[in-house]
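Taking it in order: structure first as structure tokens, then the write-up.
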Amino acid sequence: MLVTEYSTEVVAAPERFALFEEIAAGSHLRNRLRSNDREDFRAKVRVLDLGELQVSALSFPHLEIARTAKAIRQSDPEVYMINYLFGEGAFSQAGSDTTLHAGDLMVLDSSRPFDAHRHALQDSWSQLTVQLPHRLLPLPEKTVQGLLAVPINGRRGMGGVFARWLADLNARAGELTPADIPTLASVTLDLLTSVIARCLDAEEALGPEARRNALRAQINAFVEQHLADSALAPQTIADAHHISLRHLQQLLAEDETSPAAWIRHRRLERCRLDLANPRLNTRPVHAIAERWGFTNPTHFSRLFRATYGIPPRDYRHLPPAVCANRQQPCAE
């Protein structure tokens with residue numbers, strides 16, 4: 001299972017806060033928690049497991065969090081936590097005290113004490129959190145320390161790209177399979193690296209491979225956001241990233257594909273996921289194809305069958321396990 005979901009409403013009201021403490025300790029960190037709503041603490045947690053990296057969504061009422069030096073000595077997984085907030089919050093770590101607002105991103109370090117004070121929105125997720133080991137982030141720890149508990153704009157630029165990526169991961173968590181883990185983890189890490197490096201004006205701290213990965217991550221995110229546009233073309237992608245078409249072709253050639261093949265592959269994958277989604281069973285196949293940029297139904301059916309070995313109309317009736325096994329790599 002890639003997705004694990006928890007809710008405090010499975011127990012009686014007086015027991016809910018204690019249950020949340022145990023859930024948070026198991027899925028994230030064991031911290032000292034306090035809440036004005038502890039008598040009836042209604043919370044839920046959704047965790048998407050991407051191997052060493054996890055993406056989670058949390059919903060809770062008022063919550064105060066303290067990670068103490070004692071807690072660190074007792075247990076420290078040595079991870080960064082990147083939070084995308086939907087509500088207001090006050091945070092303090094590494095000498096930085098700040099108030100964050102909805103749409104902000106922020107980095108915390110499990111190896112350093114921190115305090116957080118959250119007033120979350122009702123009937124909504126409170127935050128999305130990426131948790132990953134220090135060693136996975138290809139930036140010096142001393143460099144990252146300068147960004148702890150500092151607001152990062154998640155409404156525009158690369159911060160906005162990263163925030164939208166996290167929101168899409170959370171929304172589509174139930175559609176993902178174990179075969180998707182390497183790609184999802186890689187894109188998430190590359191986008192995060194680019195966001196942090198840009199915020200610190202530290203892109204020079206990245207090696208050539210990390211810079212290439214960051215650019216590829218930006219291209220991936222751009223393509224994902226524009227798949228529904230039937231006019232999306234390789235030149236459009238190159239222009240949006242201020243590189244030549246040849247540079248784009250060389251970049252994707254390292255992954256043994258081409259810009260056109262990559263666009264086609266991602267559109268087919270989105271169609272495949274929609275066809276495998278039982279909630280979309282009443283949506284016509286041609287409507288799903290049009291949603292992801294295929295304007296010619298015959299051409300779409302031919303491409304889909306060539307890629308997955310079965311017509312799209314038949315694919316949507318396959319058992320979920322069979323659908324997962326029919327994923328194909330992109331090739332030209």
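Quick note on naming: the chains in the structure tokens go A, B, ... in the order shown, residues restart at 1 in each chain, and ligands are numbered from 1 in order of appearance.
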*Running DSSP on the backbone, which parts of range 19-244 of chain A land in strand (DSSP E), as a VMD selection string?*
chain A and resid 32 to 34 44 to 50 53 to 59 63 to 67 79 to 85 88 to 93 96 to 100 104 to 109 114 to 119 127 to 133 152 to 153
* Considering only C-alpha atoms, return as a list in words whatever protein or nucleic-acid residues lie within 12 Å of range 294-296 of chain A, sequence-local ones (same chain, fewer than 6 positions apart) excluded. => Leu227, Ala228, Asp229, Ser230, Ala231, Leu232, Ile263, Arg264, His265, Arg266, Arg267, Leu268, Arg270, Cys271, Val285, His286, Ala287, Ile288, Arg302, Leu303 and Phe304 of chain A
Give me, as a ChimeraX atom specification, all polymer residues having an atom no more than 10 Å from Leu63 in chain A, counting only C-alpha atoms and skipping those fewer than 5 positions away in the same chain. /A:33-38,41,89,116-120
#### Entry: Nearest-residue call for Thr183 in chain A, choices A:Asn220, A:His101, A:Leu318, A:Gln131, using only C-alpha atoms
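Distance minimum relative to Thr183 in chain A lands on A:Asn220.
Straight-line separation from CA of Gly309 in chain A to CA of Leu251 in chain A: 28.8 Å.
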| said: Under the rule that only C-alpha atoms are counted, which of A:Asp76, A:Asp180, A:Asp109, A:Asp168 is the nearest residue to Gln145 in chain A? | reply: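 Once distances to Gln145 in chain A are computed over only C-alpha atoms, the minimum belongs to A:Asp109.
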**OP:** Tell me which protein, DNA and RNA residues are within 9 Å of Pro259 in chain A, counting only C-alpha atoms, leaving out same-chain ones fewer than 5 positions away, and put them as a PyMOL selection string.
**Re:** chain A and resi 233-235+237+248-249+252-253+264
Problem set entry | Those of range 158-315 of chain A in DSSP helix (DSSP H, G or I), formatted as an NGL selection string | :A and (158-171 or 173-175 or 178-199 or 203-205 or 208-226 or 234-240 or 245-253 or 259-276 or 278-280 or 285-291 or 297-308 or 312-315)
Next item on the list: Quick one: everything within 12 Å of Ala171 in chain A, counting only C-alpha atoms, minus sequence neighbours fewer than 6 positions away in the same chain. Send it as a ChimeraX atom specification.
Entry: /A:3,46-48,55-57,125,128,164-165
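When CA of Cys199 in chain A is paired with CA of Phe162 in chain A, their separation reads 12.9 Å.
Take CA of Arg16 in chain A and CA of Leu58 in chain A: the distance between them is 14.7 Å.
Compared by their closest atoms to Gln127 in chain A, and using only C-alpha atoms, the residues A:Lys44, A:His241, A:Arg246, A:Arg291 rank with A:Lys44 nearest.
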What's the 6 Å shell around Phe86 in chain A, counting only C-alpha atoms, without same-chain residues fewer than 4 positions away, as a PDB file with N, CA, C and O atoms, in the first residue's frame?
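See part.pdb below for the written result:
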```pdb
ATOM      1  N   ALA A 102      -1.251  31.165   4.619  1.00  0.00           N
ATOM      2  CA  ALA A 102      -1.690  30.150   3.665  1.00  0.00           C
ATOM      3  C   ALA A 102      -0.965  30.334   2.340  1.00  0.00           C
ATOM      4  O   ALA A 102      -0.879  31.447   1.825  1.00  0.00           O
ATOM      5  N   GLY A 103      -0.420  29.229   1.788  1.00  0.00           N
ATOM      6  CA  GLY A 103       0.311  29.286   0.539  1.00  0.00           C
ATOM      7  C   GLY A 103       1.809  29.379   0.713  1.00  0.00           C
ATOM      8  O   GLY A 103       2.549  29.340  -0.273  1.00  0.00           O
ATOM      9  N   SER A 126      -4.729  20.943   6.737  1.00  0.00           N
ATOM     10  CA  SER A 126      -3.967  21.985   7.420  1.00  0.00           C
ATOM     11  C   SER A 126      -2.629  22.212   6.732  1.00  0.00           C
ATOM     12  O   SER A 126      -2.151  23.351   6.646  1.00  0.00           O
ATOM     13  N   GLN A 127      -1.998  21.129   6.254  1.00  0.00           N
ATOM     14  CA  GLN A 127      -0.702  21.262   5.599  1.00  0.00           C
ATOM     15  C   GLN A 127      -0.378  20.004   4.819  1.00  0.00           C
ATOM     16  O   GLN A 127      -0.925  18.927   5.087  1.00  0.00           O
TER      17      GLN A 127
END
```
Determine the nearest neighbour of Asp115 in chain A from the options A:Tyr84, A:Gln54, A:Thr99, A:Arg67, counting only C-alpha atoms.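 Closest to Asp115 in chain A of all the choices is A:Arg67.
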